[in-house]
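Just below is one structure, and these are the notes that go with it.
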Amino acid sequence: MKFNPILESFEEYKPSNTNINEGFIDLSKNENPFDLSLDLKKIFFQKIKETNINRYPELTADNIRQKIATFLNSYFSKYNMDLKMNNIVVGNGSDETISYLVKIFSGNNVIVCPPTFEMYEFYSVLNGFSVKKIPLNSDYEIKDLDKSVDDQTSMIFICSPNNPTGNLQPKNEILKALKTGVPVIVDEAYADFSKTSMIQHLKDYPNLILLKTFSKAFGLASIRAGILIANEEIVKQIMKIKSPYSFNVLTEKMVETIIENYHLILEKIDYIIEERNKLSKELGRIALKSDANFILLDFDKIEGLTAKAVYNYFLENKILLRRYTGTLENKIRVTVGTKDENQKFLSLFKELTKNFDKQIKSYER
């Protein structure tokens, strides 16, 4: 057998060895800390009871695409959007839609802006593109991406708010990139926590593509439902290569349930934003500005305290955080949890920083 030589540069994905046992608090995955209410689950279960599971779902998911378009028109009513079904692609998470985007545009290079979501580079390399890495500046913002565009640039990926740094990217810089005419993918997975969007610019820039997800603000991480929003020609090209029947009926019915009752979700979004702001204030100078549901902590700002030691300390105290390597080696990302989870995190953190000179060496392992 001969394998694709591109695969030689990929390592097998291995999940964390950390077992999340009972009593553990997981603040590592940017999940919504709230499960759906029993009332919403009952609505979902009723929809499933009325569904023929033995039948394939709709070939191209037209029903749910139209409902999502109608929902987005309402959700972003201040922008007077007129989205239709043919502006929407649904996927098994927004990751799936990224895998289609890297197949439909010509060119041989893709622009990404590290540190950022790793799947942009992953799918680009897998599909034979060279990747131009234009690092974020010292404020973790994009700058002059338009100057890096050439006649072989296929697309530009921008995450806003950015994962893992949490900050919105400057709108004027995104617009500069759009003016090049190159497809610009703006990943707004966390934008509900900033209450902003580039969606109103779809009318003016046919090369603008938005990615959204139901995993974060809408609390459906286990359902895996992502959305791509773009002009009809881009959607048409994606639908040519998208697998038929690929949006399963269970996911469809759960998305229906959420968008028909999304006013209940707005309360949770406001709760998380309020908790994020409280956490940021308490953590002070080590907390980077965040417009998402997580905060990146910079331990270069506390002499003698390292991200490795902090991670191990919290792990021993049954709180899982997110560590990094490379340029973010001395930083840790913490997801905003419930009030109780956040308070436990803060209490432990204050205890550590108060006494770290006495105990920190035991966690440097």
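Labels used: A, B, ... for chains in the order of the structure tokens, numbers from 1 for residues in each chain, and numbers from 1 for ligands as shown.
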Report task. Would you kindly return, as a ChimeraX atom specification, each protein, DNA or RNA residue with an atom no farther than 10 Å from any atom of Ile209 of chain A, considering only C-alpha atoms and excluding same-chain residues fewer than 2 positions away? Result -> /A:87,101,157,183-187,198-199,201-202,205-207,211,228-231,234-235
Query raised in the report: Do you know which residues are at most 8 Å from Arg323 of chain A counting only C-alpha atoms, after dropping those on the same chain fewer than 4 positions away, and could you put them as a PyMOL selection string?
Result: chain A and resi 307-308+311+329+331-333
Write a file of the selected residues as a CSV table (one decimal), in the first residue's frame, keeping N, CA and C atoms.
chain,number,residue,atom,x,y,z
A,307,ALA,N,3.4,28.6,33.6
A,307,ALA,CA,2.2,28.0,33.2
A,307,ALA,C,2.2,26.5,33.6
A,308,LYS,N,3.3,25.8,33.4
A,308,LYS,CA,3.4,24.4,33.8
A,308,LYS,C,3.0,24.2,35.2
A,311,TYR,N,-0.7,24.8,35.8
A,311,TYR,CA,-1.5,23.7,35.2
A,311,TYR,C,-1.5,22.5,36.2
A,329,GLU,N,3.7,29.1,25.3
A,329,GLU,CA,4.1,28.1,26.3
A,329,GLU,C,3.9,28.5,27.7
A,331,LYS,N,1.5,30.4,28.8
A,331,LYS,CA,0.1,31.0,29.0
A,331,LYS,C,-0.8,29.8,29.1
A,332,ILE,N,-2.0,30.1,29.8
A,332,ILE,CA,-3.0,29.1,30.0
A,332,ILE,C,-4.3,29.7,29.7
A,333,ARG,N,-5.2,28.9,29.0
A,333,ARG,CA,-6.5,29.3,28.7
A,333,ARG,C,-7.5,28.7,29.7
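On the backbone of this structure, DSSP gives helix (DSSP H, G or I) within segment 153-242 of chain A to Lys171, Asn172, Glu173, Ile174, Leu175, Lys176, Ala177, Leu178, Ala191, Asp192, Phe193, Ile199, Gln200, His201, Leu202, Lys203, Glu232, Glu233, Ile234, Val235, Lys236, Gln237, Ile238, Met239, Lys240 and Ile241 of chain A.
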Requested in this report: Go through A:Asp82, A:Asp150, A:Asp291, A:Glu96 and flag the residue nearest Ile111 of chain A, using only C-alpha atoms for the distances.
Outcome: A:Asp150
Query - All residues 9 Å or closer to Thr335 of chain A, only C-alpha atoms, same chain fewer than 3 positions away omitted, as a list of chain:residue names - result: A:Asp26, A:Leu27, A:Ser28, A:Lys29, A:Asn30, A:Glu31, A:Asn32, A:Pro33, A:Arg276, A:Asn293, A:Phe294, A:Ile295, A:Leu296, A:Leu321, A:Arg322
Selection to disk with all heavy atoms, as a tab-separated table (two decimals), in the first residue's frame:
chain	number	residue	atom	x	y	z
A	26	ASP	N	-14.00	20.83	34.40
A	26	ASP	CA	-13.29	20.95	33.12
A	26	ASP	C	-13.47	22.36	32.57
A	26	ASP	O	-14.54	22.73	32.08
A	26	ASP	CB	-13.83	19.92	32.12
A	26	ASP	CG	-12.97	19.85	30.86
A	26	ASP	OD1	-12.10	20.72	30.68
A	26	ASP	OD2	-13.18	18.93	30.05
A	27	LEU	N	-12.41	23.16	32.65
A	27	LEU	CA	-12.40	24.51	32.11
A	27	LEU	C	-11.39	24.61	30.96
A	27	LEU	O	-10.71	25.62	30.80
A	27	LEU	CB	-12.05	25.52	33.21
A	27	LEU	CG	-12.99	25.55	34.43
A	27	LEU	CD1	-12.52	26.60	35.45
A	27	LEU	CD2	-14.42	25.84	34.02
A	28	SER	N	-11.32	23.54	30.15
A	28	SER	CA	-10.29	23.47	29.13
A	28	SER	C	-10.80	23.53	27.69
A	28	SER	O	-10.00	23.69	26.77
A	28	SER	CB	-9.49	22.16	29.29
A	28	SER	OG	-10.30	21.03	28.95
A	29	LYS	N	-12.12	23.40	27.46
A	29	LYS	CA	-12.60	23.21	26.09
A	29	LYS	C	-13.52	24.31	25.58
A	29	LYS	O	-14.14	24.15	24.53
A	29	LYS	CB	-13.33	21.86	25.99
A	29	LYS	CG	-12.48	20.65	26.31
A	29	LYS	CD	-13.26	19.37	26.05
A	29	LYS	CE	-12.47	18.13	26.45
A	29	LYS	NZ	-12.40	17.99	27.92
A	30	ASN	N	-13.65	25.40	26.29
A	30	ASN	CA	-14.50	26.52	25.86
A	30	ASN	C	-15.96	26.12	25.67
A	30	ASN	O	-16.67	26.67	24.82
A	30	ASN	CB	-13.98	27.15	24.55
A	30	ASN	CG	-12.60	27.72	24.71
A	30	ASN	OD1	-12.12	27.91	25.82
A	30	ASN	ND2	-11.94	27.99	23.60
A	31	GLU	N	-16.41	25.16	26.45
A	31	GLU	CA	-17.81	24.72	26.37
A	31	GLU	C	-18.70	25.65	27.18
A	31	GLU	O	-18.28	26.30	28.12
A	31	GLU	CB	-17.94	23.29	26.93
A	31	GLU	CG	-17.16	22.26	26.14
A	31	GLU	CD	-16.91	20.99	26.93
A	31	GLU	OE1	-16.74	21.09	28.16
A	31	GLU	OE2	-16.85	19.92	26.31
A	32	ASN	N	-19.96	25.72	26.80
A	32	ASN	CA	-20.98	26.37	27.61
A	32	ASN	C	-21.16	25.51	28.87
A	32	ASN	O	-21.33	24.30	28.77
A	32	ASN	CB	-22.29	26.43	26.81
A	32	ASN	CG	-23.34	27.29	27.47
A	32	ASN	OD1	-23.59	27.19	28.67
A	32	ASN	ND2	-24.00	28.13	26.69
A	33	PRO	N	-21.11	26.11	30.06
A	33	PRO	CA	-21.20	25.30	31.28
A	33	PRO	C	-22.60	24.79	31.59
A	33	PRO	O	-22.76	24.00	32.53
A	33	PRO	CB	-20.72	26.27	32.37
A	33	PRO	CG	-21.11	27.62	31.87
A	33	PRO	CD	-20.92	27.55	30.37
A	276	ARG	N	-17.37	36.32	32.82
A	276	ARG	CA	-16.07	36.58	32.18
A	276	ARG	C	-15.48	37.90	32.65
A	276	ARG	O	-14.29	37.99	32.99
A	276	ARG	CB	-16.24	36.59	30.66
A	276	ARG	CG	-14.97	36.95	29.89
A	276	ARG	CD	-15.30	37.33	28.46
A	276	ARG	NE	-15.98	38.61	28.38
A	276	ARG	CZ	-16.75	39.00	27.35
A	276	ARG	NH1	-16.96	38.18	26.34
A	276	ARG	NH2	-17.30	40.20	27.35
A	293	ASN	N	-15.75	33.38	25.54
A	293	ASN	CA	-16.17	32.74	26.79
A	293	ASN	C	-14.99	32.06	27.48
A	293	ASN	O	-15.14	31.07	28.19
A	293	ASN	CB	-17.29	31.71	26.55
A	293	ASN	CG	-16.82	30.50	25.77
A	293	ASN	OD1	-15.93	30.60	24.91
A	293	ASN	ND2	-17.41	29.34	26.05
A	294	PHE	N	-13.81	32.60	27.23
A	294	PHE	CA	-12.59	32.11	27.86
A	294	PHE	C	-11.63	33.27	28.01
A	294	PHE	O	-11.80	34.34	27.40
A	294	PHE	CB	-11.96	30.98	27.03
A	294	PHE	CG	-11.62	31.40	25.62
A	294	PHE	CD1	-10.41	32.01	25.32
A	294	PHE	CD2	-12.52	31.18	24.59
A	294	PHE	CE1	-10.11	32.41	24.03
A	294	PHE	CE2	-12.23	31.57	23.28
A	294	PHE	CZ	-11.02	32.18	23.00
A	295	ILE	N	-10.60	33.05	28.82
A	295	ILE	CA	-9.60	34.09	29.07
A	295	ILE	C	-8.22	33.45	28.97
A	295	ILE	O	-7.99	32.37	29.53
A	295	ILE	CB	-9.77	34.72	30.47
A	295	ILE	CG1	-11.17	35.31	30.63
A	295	ILE	CG2	-8.72	35.79	30.71
A	295	ILE	CD1	-11.50	35.71	32.05
A	296	LEU	N	-7.32	34.10	28.26
A	296	LEU	CA	-5.94	33.63	28.18
A	296	LEU	C	-5.13	34.33	29.27
A	296	LEU	O	-5.16	35.57	29.38
A	296	LEU	CB	-5.34	33.92	26.81
A	296	LEU	CG	-4.00	33.24	26.52
A	296	LEU	CD1	-4.16	31.73	26.45
A	296	LEU	CD2	-3.39	33.77	25.22
A	321	LEU	N	-7.35	22.84	32.99
A	321	LEU	CA	-7.19	24.04	32.18
A	321	LEU	C	-6.53	23.65	30.85
A	321	LEU	O	-6.24	22.49	30.62
A	321	LEU	CB	-6.35	25.08	32.92
A	321	LEU	CG	-6.83	25.44	34.33
A	321	LEU	CD1	-5.86	26.41	35.00
A	321	LEU	CD2	-8.23	26.04	34.29
A	322	ARG	N	-6.29	24.62	29.98
A	322	ARG	CA	-5.70	24.34	28.66
A	322	ARG	C	-4.30	24.92	28.58
A	322	ARG	O	-4.11	26.15	28.72
A	322	ARG	CB	-6.59	24.95	27.57
A	322	ARG	CG	-6.07	24.75	26.15
A	322	ARG	CD	-6.16	23.31	25.69
A	322	ARG	NE	-6.13	23.22	24.23
A	322	ARG	CZ	-5.02	23.16	23.50
A	322	ARG	NH1	-3.84	23.19	24.08
A	322	ARG	NH2	-5.11	23.07	22.18
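The coordinates place atom CA of Thr165 of chain A at 20.0 Å from atom CA of Phe349 of chain A.
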Report task. If you run DSSP over the backbone, which residues in segment 117-305 of chain A end up strand (DSSP E or B)? Put them as a count of residues only. Result -> 31
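You can rank A:Glu58, A:Ser160, A:Tyr123, A:Ile68 by their closest distance to Phe10 of chain A using only C-alpha atoms, and at the top of that list sits A:Tyr123.
Ranking A:Ala221, A:Leu348, A:Leu168, A:Leu208 by their shortest atom-to-atom distance to Glu316 of chain A, with only C-alpha atoms included, puts A:Leu348 first.
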Requested in this report: Tell me, as a VMD selection string, which residues lie within 12 Å of Pro5 of chain A, counting only C-alpha atoms; anything in the same chain fewer than 2 positions away does not count.
Outcome: chain A and resid 1 to 3 7 to 10 125 to 128
Output for the residues just chosen: C-alpha atoms as a PDB file, in the first residue's frame:
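What landed in part_10.pdb:
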ATOM      1  CA  MET A   1       0.000   0.000   0.000  1.00  0.00           C
ATOM      2  CA  LYS A   2       1.104   3.535  -0.696  1.00  0.00           C
ATOM      3  CA  PHE A   3      -0.187   6.372   1.460  1.00  0.00           C
ATOM      4  CA  LEU A   7       0.370  12.352   5.747  1.00  0.00           C
ATOM      5  CA  GLU A   8       4.017  11.975   6.770  1.00  0.00           C
ATOM      6  CA  SER A   9       3.859  15.474   8.247  1.00  0.00           C
ATOM      7  CA  PHE A  10       0.786  14.657  10.359  1.00  0.00           C
ATOM      8  CA  VAL A 125      -1.952  21.398   4.253  1.00  0.00           C
ATOM      9  CA  LEU A 126      -4.005  18.222   3.859  1.00  0.00           C
ATOM     10  CA  ASN A 127      -5.334  19.598   0.573  1.00  0.00           C
ATOM     11  CA  GLY A 128      -1.921  20.520  -0.779  1.00  0.00           C
TER      12      GLY A 128
END
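The shell of residues at most 7 Å from Arg65 of chain A, with only C-alpha atoms counted and near chain neighbours (fewer than 5 positions) removed, consists of Met85, Ile88, Val89 and Val90 of chain A.
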Can those selected residues be exported to a file as a PDB file, in the first residue's frame so that it contains C-alpha atoms?
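Dumped to out30.pdb:
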ATOM      1  CA  MET A  85     -31.495  28.862   2.242  1.00  0.00           C
ATOM      2  CA  ILE A  88     -26.357  28.592   4.199  1.00  0.00           C
ATOM      3  CA  VAL A  89     -24.291  25.401   4.436  1.00  0.00           C
ATOM      4  CA  VAL A  90     -24.625  23.157   7.483  1.00  0.00           C
TER       5      VAL A  90
END
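You can rank A:Tyr190, A:Tyr271, A:Phe71, A:Phe345 by their closest distance to Phe314 of chain A using only C-alpha atoms, and at the top of that list sits A:Phe345.
Within the 10 Å cut-off around segment 257-261 of chain A, using only C-alpha atoms and omitting residues fewer than 6 positions from it on the same chain, the listed residues are Leu36, Leu40, Lys41, Lys42, Ile43, Phe44, Phe45, Lys47, Lys67, Ile68, Thr70, Phe71, Leu72, Tyr75, Phe214, Phe218, Gly219, Leu220 and Thr251 of chain A.
Reported to one decimal place, the separation of atom CA of Leu175 of chain A from atom CA of Ile134 of chain A is 16.7 Å.
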Query raised in the report: Any idea what's packed within 12 Å of Lys344 of chain A, counting only C-alpha atoms, ignoring anything in its chain fewer than 6 positions away? Could you give it as a ChimeraX atom specification?
Result: /A:24-25,27,279,314,317-319,336-338,350-351
Requested in this report: Measuring atom to atom with only C-alpha atoms, identify which of A:Ala217, A:Met119, A:Leu264, A:Val131 is nearest to Ser94 of chain A.
Outcome: A:Met119
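In this comparison, which uses only C-alpha atoms, the residue of A:Lys281, A:Lys143, A:Lys268, A:Lys301 approaching Lys216 of chain A most closely is A:Lys268.
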Requested in this report: Rounded to one decimal place, report the atom CA of Ile174 of chain A-atom CA of Lys212 of chain A distance in Å.
Outcome: 16.9 Å
